[in-house]
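Chemist: Starting off with a structure, shown below.
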Amino acid sequence: MTDPDPQDDPAARSLFEDVETLIDDGRNAFAAELNFQKTRLAFSARALIRVAVFAVAAVLLAFFVLIALTVGLVMALVPSVTAWGATAIVAGTFLLAMLASLWLVWRNFRRIRAVFMGNRR
């Protein structure tokens, strides 16, 4: 029979060696976690940049679609009313939509402010 390795024998190890091993394992785990988080942050940053680029592209394309829609509406209304009348109808409709949107923004802003101000006006 062979003698057991003193490192495997709990009676042969001291408490200080066990604590030292535990601290080393903790440092290794911390370093691994830190490297993992750095890698995850780098991946997220690259993905966020791609998301921002595609979001800007989508907003620009939506803007161009609205311009085309506006021109199309004006062109479609010209036979029924004059060119100035068609422009006024389209611009007035957009103005009403803008005012409705601003009113909704203001109403929601007041709700948020009320929550943070404790319903004080």
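Residues in the structure tokens are named by chain (A, B, ... in the order shown) and by number from 1 within that chain; ligands are numbered from 1 in the order shown.
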Run DSSP on the backbone of this structure and report the residues of range 70-120 of chain A it assigns to helix (DSSP H, G or I), as a VMD selection string.

Modeler: chain A and resid 70 to 77 83 to 117

Chemist: Give me the residues near Ile89 in chain A as a CSV table (one decimal) with N, CA and C atoms, in the first residue's frame, where near means some atom within 10 Å (using only C-alpha atoms) and where sequence neighbours in that chain fewer than 5 positions away do not count.

Modeler:
```csv
chain,number,residue,atom,x,y,z
A,73,LEU,N,-49.9,63.4,-51.3
A,73,LEU,CA,-51.2,64.0,-50.9
A,73,LEU,C,-51.4,65.3,-51.6
A,74,VAL,N,-50.4,66.2,-51.6
A,74,VAL,CA,-50.6,67.5,-52.3
A,74,VAL,C,-51.0,67.2,-53.7
A,77,LEU,N,-54.5,66.0,-54.2
A,77,LEU,CA,-55.6,67.0,-53.9
A,77,LEU,C,-55.6,68.2,-54.9
A,81,VAL,N,-58.8,70.8,-55.5
A,81,VAL,CA,-58.7,72.2,-55.0
A,81,VAL,C,-57.4,72.7,-55.7
A,83,ALA,N,-53.6,74.3,-56.0
A,83,ALA,CA,-52.3,73.9,-55.4
A,83,ALA,C,-52.1,74.5,-54.0
A,84,TRP,N,-52.5,75.8,-53.8
A,84,TRP,CA,-52.4,76.4,-52.5
A,84,TRP,C,-53.4,75.7,-51.5
A,94,PHE,N,-51.3,68.3,-40.8
A,94,PHE,CA,-50.1,68.0,-40.0
A,94,PHE,C,-49.9,68.9,-38.8
A,95,LEU,N,-50.4,70.1,-38.9
A,95,LEU,CA,-50.3,71.0,-37.8
A,95,LEU,C,-51.3,70.5,-36.6
```
